[in-house]
>>> print(open('target01.pdb').read())   # PDB, C-alpha atoms
ATOM      1  CA  PRO Y 157      -7.297 -19.557 -10.509
ATOM      2  CA  LEU Y 158      -5.384 -21.236  -7.656
ATOM      3  CA  VAL Y 159      -5.742 -23.992  -5.088
ATOM      4  CA  LYS Y 160      -5.109 -24.160  -1.335
ATOM      5  CA  ILE Y 161      -1.359 -24.805  -1.523
ATOM      6  CA  HIS Y 162      -0.946 -21.809  -3.837
ATOM      7  CA  ALA Y 163      -2.870 -19.604  -1.410
ATOM      8  CA  GLU Y 164      -0.619 -20.728   1.439
ATOM      9  CA  ASP Y 165       2.514 -19.958  -0.595
ATOM     10  CA  LEU Y 166       1.148 -16.553  -1.519
ATOM     11  CA  PHE Y 167       0.320 -15.751   2.096
ATOM     12  CA  PHE Y 168       3.864 -16.605   3.196
ATOM     13  CA  TYR Y 169       5.753 -14.850   0.396
ATOM     14  CA  CYS Y 170       3.475 -11.808   0.344
ATOM     15  CA  THR Y 171       4.056 -11.382   4.093
ATOM     16  CA  LEU Y 172       7.800 -11.337   3.395
ATOM     17  CA  GLY Y 173       7.181  -8.945   0.520
ATOM     18  CA  VAL Y 174       5.299  -6.502   2.735
ATOM     19  CA  ILE Y 175       8.043  -6.466   5.377
ATOM     20  CA  LEU Y 176      11.114  -6.488   3.136
ATOM     21  CA  GLY Y 177       9.615  -4.311   0.407
ATOM     22  CA  GLY Y 178       8.144  -1.875   2.904
ATOM     23  CA  ARG Y 179      11.452  -1.426   4.709
ATOM     24  CA  LEU Y 180      13.648  -1.279   1.611
ATOM     25  CA  GLY Y 181      11.182   1.091  -0.047
ATOM     26  CA  TYR Y 182      11.306   3.399   2.950
ATOM     27  CA  ALA Y 183      15.099   3.436   2.828
ATOM     28  CA  VAL Y 184      15.209   4.058  -0.940
ATOM     29  CA  PHE Y 185      12.424   6.656  -1.168
ATOM     30  CA  TYR Y 186      12.625   8.387   2.202
ATOM     31  CA  GLN Y 187      15.875   7.736   4.123
ATOM     32  CA  PRO Y 188      18.775   6.416   1.984
ATOM     33  CA  GLN Y 189      21.149   6.976   4.911
ATOM     34  CA  LEU Y 190      19.699   3.860   6.563
ATOM     35  CA  PHE Y 191      21.839   1.772   4.202
ATOM     36  CA  THR Y 192      25.084   3.216   5.562
ATOM     37  CA  SER Y 193      24.322   4.116   9.199
ATOM     38  CA  PHE Y 194      24.762   2.018  12.335
ATOM     39  CA  THR Y 195      23.761   2.415  15.979
ATOM     40  CA  GLU Y 196      26.283   1.578  18.678
ATOM     41  CA  GLY Y 197      25.143   0.080  21.970
ATOM     42  CA  GLU Y 198      25.723  -3.251  23.613
ATOM     43  CA  PHE Y 199      25.867  -4.494  20.043
ATOM     44  CA  VAL Y 200      26.398  -2.551  16.821
ATOM     45  CA  SER Y 201      23.177  -2.733  14.790
ATOM     46  CA  TRP Y 202      22.561  -1.804  11.165
ATOM     47  CA  ASN Y 203      19.862   0.868  11.105
ATOM     48  CA  LEU Y 204      18.225  -0.682   8.049
ATOM     49  CA  LEU Y 205      17.293  -3.686  10.208
ATOM     50  CA  ARG Y 206      15.993  -1.647  13.162
ATOM     51  CA  LEU Y 207      12.318  -2.067  12.288
ATOM     52  CA  TRP Y 208      11.348  -1.212  15.862
ATOM     53  CA  ASP Y 209      12.480   2.375  15.196
ATOM     54  CA  GLY Y 210       9.743   2.736  12.562
ATOM     55  CA  GLY Y 211       9.869   3.425   8.860
ATOM     56  CA  MET Y 212       7.859   1.401   6.337
ATOM     57  CA  SER Y 213       6.801   2.479   2.853
ATOM     58  CA  PHE Y 214       3.368   1.692   1.394
ATOM     59  CA  HIS Y 215       4.741   1.868  -2.156
ATOM     60  CA  GLY Y 216       7.719  -0.325  -1.252
ATOM     61  CA  GLY Y 217       5.335  -2.850   0.278
ATOM     62  CA  VAL Y 218       3.358  -2.931  -2.971
ATOM     63  CA  LEU Y 219       6.520  -3.651  -4.962
ATOM     64  CA  GLY Y 220       7.504  -6.368  -2.471
ATOM     65  CA  VAL Y 221       4.113  -8.045  -2.790
ATOM     66  CA  LEU Y 222       4.285  -7.884  -6.594
ATOM     67  CA  ALA Y 223       7.683  -9.571  -6.501
ATOM     68  CA  ALA Y 224       6.222 -12.296  -4.253
ATOM     69  CA  ILE Y 225       3.282 -12.854  -6.619
ATOM     70  CA  VAL Y 226       5.609 -13.073  -9.624
ATOM     71  CA  TRP Y 227       7.707 -15.669  -7.771
ATOM     72  CA  VAL Y 228       4.757 -17.880  -6.811
ATOM     73  CA  CYS Y 229       3.087 -17.571 -10.219
ATOM     74  CA  SER Y 230       6.274 -18.414 -12.110
ATOM     75  CA  ARG Y 231       6.907 -21.495  -9.930
ATOM     76  CA  ASN Y 232       3.355 -22.817 -10.325
ATOM     77  CA  ARG Y 233       2.445 -21.567 -13.810
ATOM     78  CA  LEU Y 234      -0.407 -19.464 -12.474
ATOM     79  CA  PRO Y 235      -2.017 -16.600 -14.460
ATOM     80  CA  PHE Y 236      -0.379 -13.528 -12.936
ATOM     81  CA  LEU Y 237      -3.177 -11.004 -13.533
ATOM     82  CA  ARG Y 238      -5.938 -13.273 -12.259
ATOM     83  CA  VAL Y 239      -3.995 -14.011  -9.077
ATOM     84  CA  CYS Y 240      -3.468 -10.264  -8.598
ATOM     85  CA  ASP Y 241      -7.206  -9.713  -9.082
ATOM     86  CA  TYR Y 242      -8.116 -12.164  -6.330
ATOM     87  CA  ILE Y 243      -5.515 -10.774  -3.932
ATOM     88  CA  ALA Y 244      -6.565  -7.162  -4.602
ATOM     89  CA  VAL Y 245     -10.084  -7.825  -3.303
ATOM     90  CA  ASN Y 246      -8.668  -8.713   0.124
ATOM     91  CA  VAL Y 247      -6.106  -5.946   0.606
ATOM     92  CA  PRO Y 248      -8.531  -3.167   1.716
ATOM     93  CA  PHE Y 249      -9.339  -5.228   4.838
ATOM     94  CA  GLY Y 250      -5.669  -5.088   5.825
ATOM     95  CA  MET Y 251      -5.425  -1.394   4.918
ATOM     96  CA  PHE Y 252      -8.380  -0.601   7.183
ATOM     97  CA  PHE Y 253      -6.991  -2.392  10.235
ATOM     98  CA  GLY Y 254      -3.475  -1.096   9.573
ATOM     99  CA  ARG Y 255      -4.637   2.529   9.524
ATOM    100  CA  MET Y 256      -6.773   1.992  12.607
ATOM    101  CA  ALA Y 257      -3.658   0.652  14.339
ATOM    102  CA  ASN Y 258      -1.803   3.837  13.302
ATOM    103  CA  PHE Y 259      -4.587   5.854  14.909
ATOM    104  CA  VAL Y 260      -4.598   3.836  18.127
ATOM    105  CA  ASN Y 261      -0.802   4.141  18.343
ATOM    106  CA  GLY Y 262      -0.998   7.919  17.784
ATOM    107  CA  GLU Y 263       1.378   7.852  14.805
ATOM    108  CA  LEU Y 264       1.319   9.269  11.256
ATOM    109  CA  TRP Y 265      -0.884  12.148  12.370
ATOM    110  CA  GLY Y 266      -2.225  14.912  10.142
ATOM    111  CA  ARG Y 267      -1.470  18.580   9.607
ATOM    112  CA  PRO Y 268      -2.680  21.249  12.067
ATOM    113  CA  ALA Y 269      -6.399  21.937  11.640
ATOM    114  CA  ASP Y 270      -9.124  24.160  13.074
ATOM    115  CA  LEU Y 271     -11.993  21.700  12.776
ATOM    116  CA  PRO Y 272     -14.467  20.232  15.299
ATOM    117  CA  TRP Y 273     -12.976  16.741  14.855
ATOM    118  CA  ALA Y 274      -9.313  17.811  15.012
ATOM    119  CA  MET Y 275      -7.327  16.008  17.707
ATOM    120  CA  VAL Y 276      -4.213  16.543  19.805
ATOM    121  CA  PHE Y 277      -1.812  13.627  19.364
ATOM    122  CA  PRO Y 278       0.839  12.701  21.953
ATOM    123  CA  GLY Y 279       4.239  13.691  20.614
ATOM    124  CA  ALA Y 280       2.810  16.102  18.037
ATOM    125  CA  GLY Y 281       2.634  19.227  20.220
ATOM    126  CA  ASN Y 282      -0.450  20.994  21.495
ATOM    127  CA  GLU Y 283      -1.968  21.863  18.121
ATOM    128  CA  PRO Y 284      -5.145  20.017  17.096
ATOM    129  CA  ARG Y 285      -4.538  18.042  13.906
ATOM    130  CA  HIS Y 286      -6.387  16.151  11.202
ATOM    131  CA  PRO Y 287      -6.900  12.500  12.225
ATOM    132  CA  SER Y 288      -5.521  11.542   8.818
ATOM    133  CA  GLN Y 289      -5.221   7.897   9.868
ATOM    134  CA  LEU Y 290      -9.035   7.746  10.018
ATOM    135  CA  TYR Y 291      -9.306   9.412   6.608
ATOM    136  CA  GLU Y 292      -7.053   6.707   5.207
ATOM    137  CA  ALA Y 293      -8.945   3.955   7.018
ATOM    138  CA  GLY Y 294     -12.159   5.253   5.470
ATOM    139  CA  LEU Y 295     -10.902   5.774   1.913
ATOM    140  CA  GLU Y 296      -8.190   3.129   1.496
ATOM    141  CA  GLY Y 297     -10.010   0.658   3.722
ATOM    142  CA  LEU Y 298     -13.797   0.882   3.987
ATOM    143  CA  LEU Y 299     -14.527   2.570   0.647
ATOM    144  CA  MET Y 300     -12.212   0.303  -1.342
ATOM    145  CA  MET Y 301     -13.550  -2.702   0.571
ATOM    146  CA  VAL Y 302     -17.092  -1.925  -0.591
ATOM    147  CA  VAL Y 303     -16.010  -1.168  -4.170
ATOM    148  CA  MET Y 304     -13.926  -4.325  -4.541
ATOM    149  CA  LEU Y 305     -16.487  -6.665  -2.964
ATOM    150  CA  LEU Y 306     -19.290  -5.277  -5.124
ATOM    151  CA  LEU Y 307     -17.186  -5.638  -8.266
ATOM    152  CA  PHE Y 308     -16.215  -9.189  -7.344
ATOM    153  CA  TRP Y 309     -19.623 -10.526  -6.291
ATOM    154  CA  ALA Y 310     -22.149  -8.323  -8.103
ATOM    155  CA  THR Y 311     -20.450  -8.124 -11.517
ATOM    156  CA  ARG Y 312     -18.367 -10.329 -13.792
ATOM    157  CA  ALA Y 313     -15.247  -8.230 -13.191
ATOM    158  CA  ARG Y 314     -13.272 -11.282 -12.032
ATOM    159  CA  PHE Y 315     -13.593 -12.728 -15.545
ATOM    160  CA  ARG Y 316     -11.774  -9.719 -17.022
ATOM    161  CA  PRO Y 317      -8.116 -10.312 -16.037
ATOM    162  CA  GLY Y 318      -6.522  -7.151 -14.678
ATOM    163  CA  LEU Y 319      -9.737  -5.224 -14.050
ATOM    164  CA  LEU Y 320      -9.945  -5.772 -10.299
ATOM    165  CA  VAL Y 321      -6.277  -5.105  -9.646
ATOM    166  CA  GLY Y 322      -6.453  -2.056 -11.924
ATOM    167  CA  VAL Y 323      -9.416  -0.596 -10.026
ATOM    168  CA  PHE Y 324      -7.697  -1.383  -6.739
ATOM    169  CA  THR Y 325      -4.385   0.195  -7.749
ATOM    170  CA  ALA Y 326      -5.939   3.361  -9.165
ATOM    171  CA  GLY Y 327      -8.443   3.646  -6.319
ATOM    172  CA  ILE Y 328      -6.176   3.103  -3.344
ATOM    173  CA  THR Y 329      -3.388   5.342  -4.669
ATOM    174  CA  SER Y 330      -5.903   8.068  -5.559
ATOM    175  CA  ALA Y 331      -7.144   7.878  -1.973
ATOM    176  CA  ARG Y 332      -3.555   8.105  -0.747
ATOM    177  CA  PHE Y 333      -2.928  11.119  -3.006
ATOM    178  CA  VAL Y 334      -5.939  12.963  -1.553
ATOM    179  CA  VAL Y 335      -5.199  12.113   2.080
ATOM    180  CA  GLU Y 336      -1.606  13.342   1.711
ATOM    181  CA  PHE Y 337      -2.988  16.899   1.576
ATOM    182  CA  PHE Y 338      -4.114  16.409   5.193
ATOM    183  CA  ARG Y 339      -1.254  14.238   6.447
ATOM    184  CA  GLU Y 340       1.876  15.694   8.051
ATOM    185  CA  PRO Y 341       4.948  14.839   5.930
ATOM    186  CA  ASP Y 342       7.876  13.125   7.640
ATOM    187  CA  ALA Y 343      10.062  15.727   9.332
ATOM    188  CA  HIS Y 344      13.020  15.137   7.003
ATOM    189  CA  LEU Y 345      10.765  15.483   3.915
ATOM    190  CA  MET Y 346       8.938  18.716   4.793
ATOM    191  CA  GLU Y 347      11.374  20.808   2.758
ATOM    192  CA  PHE Y 348      10.922  18.482  -0.228
ATOM    193  CA  ALA Y 349       7.131  18.901  -0.016
ATOM    194  CA  ARG Y 350       7.436  22.692   0.180
ATOM    195  CA  GLU Y 351       9.800  22.850  -2.794
ATOM    196  CA  THR Y 352       7.859  20.513  -5.095
ATOM    197  CA  GLY Y 353       4.302  21.327  -3.979
ATOM    198  CA  LEU Y 354       3.525  17.654  -3.371
ATOM    199  CA  SER Y 355       4.671  15.142  -0.783
ATOM    200  CA  MET Y 356       6.858  12.175  -1.639
ATOM    201  CA  GLY Y 357       3.845   9.896  -1.165
ATOM    202  CA  GLN Y 358       1.903  11.891  -3.766
ATOM    203  CA  TRP Y 359       4.713  11.786  -6.318
ATOM    204  CA  LEU Y 360       4.990   8.024  -5.861
ATOM    205  CA  SER Y 361       1.205   7.645  -6.189
ATOM    206  CA  ILE Y 362       0.927   9.365  -9.592
ATOM    207  CA  PRO Y 363       2.592   6.586 -11.673
ATOM    208  CA  MET Y 364       0.620   3.942  -9.772
ATOM    209  CA  ILE Y 365      -2.661   5.700 -10.570
ATOM    210  CA  LEU Y 366      -1.703   5.696 -14.258
ATOM    211  CA  ILE Y 367      -0.704   2.028 -14.129
ATOM    212  CA  GLY Y 368      -4.037   1.151 -12.521
ATOM    213  CA  LEU Y 369      -5.984   3.052 -15.195
ATOM    214  CA  PHE Y 370      -3.961   1.279 -17.896
ATOM    215  CA  PHE Y 371      -5.012  -2.139 -16.605
ATOM    216  CA  VAL Y 372      -8.649  -1.048 -16.268
ATOM    217  CA  ILE Y 373      -8.746   0.151 -19.891
ATOM    218  CA  ARG Y 374      -6.859  -2.937 -21.072
ATOM    219  CA  ALA Y 375      -9.257  -5.293 -19.284
ATOM    220  CA  LEU Y 376     -12.390  -3.548 -20.577
ATOM    221  CA  ALA Y 377     -11.048  -3.526 -24.133
ATOM    222  CA  ARG Y 378     -10.712  -7.313 -24.187
ATOM    223  CA  PRO Y 379     -13.499  -9.907 -24.181
ATOM    224  CA  PRO Y 380     -14.212 -11.501 -20.773
ATOM    225  CA  LEU Y 381     -13.282 -15.077 -19.996
ATOM    226  CA  ALA Y 382     -15.979 -17.712 -19.952
ATOM    227  CA  SER Y 383     -16.916 -18.792 -16.404
ATOM    228  CA  GLY Y 384     -14.327 -21.259 -15.147
ATOM    229  CA  ALA Y 385     -11.903 -20.566 -17.983
ATOM    230  CA  ARG Y 386      -8.203 -20.236 -17.229
ATOM    231  CA  ALA Y 387      -6.483 -17.094 -18.457
ATOM    232  CA  PRO Y 388      -3.041 -17.390 -20.028
ATOM    233  CA  ALA Y 389      -0.195 -16.528 -17.655
TER     234      ALA Y 389
END
>>> encode(input="target01.pdb", output="structure tokens")
Amino acid sequence: PLVKIHAEDLFFYCTLGVILGGRLGYAVFYQPQLFTSFTEGEFVSWNLLRLWDGGMSFHGGVLGVLAAIVWVCSRNRLPFLRVCDYIAVNVPFGMFFGRMANFVNGELWGRPADLPWAMVFPGAGNEPRHPSQLYEAGLEGLLMMVVMLLLFWATRARFRPGLLVGVFTAGITSARFVVEFFREPDAHLMEFARETGLSMGQWLSIPMILIGLFFVIRALARPPLASGARAPA
């Protein structure tokens, strides 16, 4: 549904969407004080811009990417759902390598565990913990990679606008919901998780699971496009 120049625009704007959406989402959902706090040193720096201190939100990144897709599609009169379908097939590759990077960096570790594969992470004390980064790499990355590639190449799912992105959205957020049971919440959100019974990541995943299922049902309820046909925007 798009040509080379559109793909290049999407790559650029989606990269911005990941960074800006991820950071703003983290501030909105997890640490609102970043908007009003500053760090004094040789120069006064706004904490919202201190990306090197950590703090990016998966759900904020998703919203940032959606905004980027809307922008490119509206400028070029591209069919929004079909573009989302084609992008969704590629995202699990990035999720896999991103979670593996979290593991290598020893960050975003899991809850304490008494299991043969539990690990001690630098900075997380002496307790063995779930390697939740590997769980996410397996579910959000490898599993979704296989599912999306099979749907794209072995079925006619790409001719049902919204089906691939619906499966991706429901699948990856369901994986996130499950892994959150094994992942250590951020220190400032532990009390929230205890009070509500679910982590912030799980609460944010629930509406996205429902949205994904909506698009799956919607796509299956409509007739598929003919091969090579262009869906309406």
>>> closest_residue(input="target01.pdb", among="Y:Arg350, Y:Arg339, Y:Arg179, Y:Arg231", to="Arg267 of chain Y", atoms="all atoms listed in the file")
Y:Arg339
>>> resolve_selection(input="target01.pdb", expression="the PyMOL selection byres ((chain Y and resi 255) around 7)", output="list of chain:residue names")
Y:Met251, Y:Phe252, Y:Phe253, Y:Gly254, Y:Met256, Y:Ala257, Y:Asn258, Y:Phe259, Y:Gln289, Y:Leu290, Y:Glu292, Y:Ala293
>>> write_last_selection(input="target01.pdb", atoms="C-alpha atoms", output="mmCIF file, keeping the file's coordinate frame")
data_model
loop_
_atom_site.group_PDB
_atom_site.id
_atom_site.type_symbol
_atom_site.label_atom_id
_atom_site.label_comp_id
_atom_site.auth_asym_id
_atom_site.auth_seq_id
_atom_site.Cartn_x
_atom_site.Cartn_y
_atom_site.Cartn_z
ATOM 1 C CA MET Y 251 -5.425 -1.394 4.918
ATOM 2 C CA PHE Y 252 -8.380 -0.601 7.183
ATOM 3 C CA PHE Y 253 -6.991 -2.392 10.235
ATOM 4 C CA GLY Y 254 -3.475 -1.096 9.573
ATOM 5 C CA MET Y 256 -6.773 1.992 12.607
ATOM 6 C CA ALA Y 257 -3.658 0.652 14.339
ATOM 7 C CA ASN Y 258 -1.803 3.837 13.302
ATOM 8 C CA PHE Y 259 -4.587 5.854 14.909
ATOM 9 C CA GLN Y 289 -5.221 7.897 9.868
ATOM 10 C CA LEU Y 290 -9.035 7.746 10.018
ATOM 11 C CA GLU Y 292 -7.053 6.707 5.207
ATOM 12 C CA ALA Y 293 -8.945 3.955 7.018
#
>>> resolve_selection(input="target01.pdb", expression="the PyMOL selection byres ((chain Y and resi 167) around 12)", output="PyMOL selection string")
chain Y and resi 160-166+168-174+221+224-225+228+243+246-247
>>> closest_residue(input="target01.pdb", among="Y:Phe337, Y:Phe324, Y:Trp309, Y:Pro188", to="Val218 of chain Y", atoms="all atoms listed in the file")
Y:Phe324
>>> closest_atom_pairs(input="target01.pdb", of="segment 251-326 of chain Y", to="segment 364-382 of chain Y", cutoff="7 Å", atoms="all atoms listed in the file", output="tab-separated table")
residue	atom	partner	partner_atom	distance
Y:Phe315	CA	Y:Leu381	CA	5.0
Y:Arg316	CA	Y:Pro380	CA	4.8
Y:Pro317	CA	Y:Ala375	CA	6.1
Y:Gly318	CA	Y:Phe371	CA	5.6
Y:Leu319	CA	Y:Val372	CA	4.9
Y:Gly322	CA	Y:Gly368	CA	4.1
Y:Val323	CA	Y:Gly368	CA	6.2
Y:Thr325	CA	Y:Gly368	CA	4.9
Y:Ala326	CA	Y:Ile365	CA	4.3
>>> atom_distance(input="target01.pdb", atom1="atom CA of Val303 of chain Y", atom2="atom CA of Tyr291 of chain Y")
16.5 Å
>>> atom_distance(input="target01.pdb", atom1="atom CA of Ser361 of chain Y", atom2="atom CA of Val260 of chain Y")
25.3 Å
>>> atom_distance(input="target01.pdb", atom1="atom CA of Val159 of chain Y", atom2="atom CA of Arg233 of chain Y")
12.2 Å
>>> residues_around(input="target01.pdb", residues="Gly181 of chain Y", least_positions_apart="5", cutoff="9 Å", atoms="only C-alpha atoms", output="ChimeraX atom specification")
/Y:176,186,212-217,219-220
>>> write_last_selection(input="target01.pdb", atoms="C-alpha atoms", output="compact mmCIF listing (two decimals), in the coordinates of the input")
# COMPACT_ATOMS: atom_id res chain seq x y z
CA LEU Y 176 11.11 -6.49 3.14
CA TYR Y 186 12.62 8.39 2.20
CA MET Y 212 7.86 1.40 6.34
CA SER Y 213 6.80 2.48 2.85
CA PHE Y 214 3.37 1.69 1.39
CA HIS Y 215 4.74 1.87 -2.16
CA GLY Y 216 7.72 -0.32 -1.25
CA GLY Y 217 5.34 -2.85 0.28
CA LEU Y 219 6.52 -3.65 -4.96
CA GLY Y 220 7.50 -6.37 -2.47
>>> residues_around(input="target01.pdb", residues="Phe191 of chain Y", least_positions_apart="5", cutoff="10 Å", atoms="all atoms listed in the file", output="ChimeraX atom specification")
/Y:180,183-184,202-205
>>> resolve_selection(input="target01.pdb", expression="the PyMOL selection byres ((chain Y and resi 276) around 12)", output="PyMOL selection string")
chain Y and resi 259+262-263+265-275+277-287
>>> decode(input="target01.pdb", residues="segment 226-240 of chain Y", atoms="C-alpha atoms", output="tab-separated table (two decimals), in the first residue's frame")
chain	number	residue	atom	x	y	z
Y	226	VAL	CA	-1.58	9.25	11.02
Y	227	TRP	CA	0.66	12.16	9.97
Y	228	VAL	CA	2.31	10.31	7.08
Y	229	CYS	CA	-0.94	8.73	5.89
Y	230	SER	CA	-2.82	12.03	5.94
Y	231	ARG	CA	-0.05	13.79	3.97
Y	232	ASN	CA	0.13	11.06	1.31
Y	233	ARG	CA	-3.47	9.81	1.23
Y	234	LEU	CA	-2.44	6.33	2.31
Y	235	PRO	CA	-4.90	3.76	3.75
Y	236	PHE	CA	-4.24	4.01	7.48
Y	237	LEU	CA	-5.19	0.45	8.49
Y	238	ARG	CA	-3.23	-1.21	5.70
Y	239	VAL	CA	-0.12	0.79	6.56
Y	240	CYS	CA	-0.55	-0.22	10.21
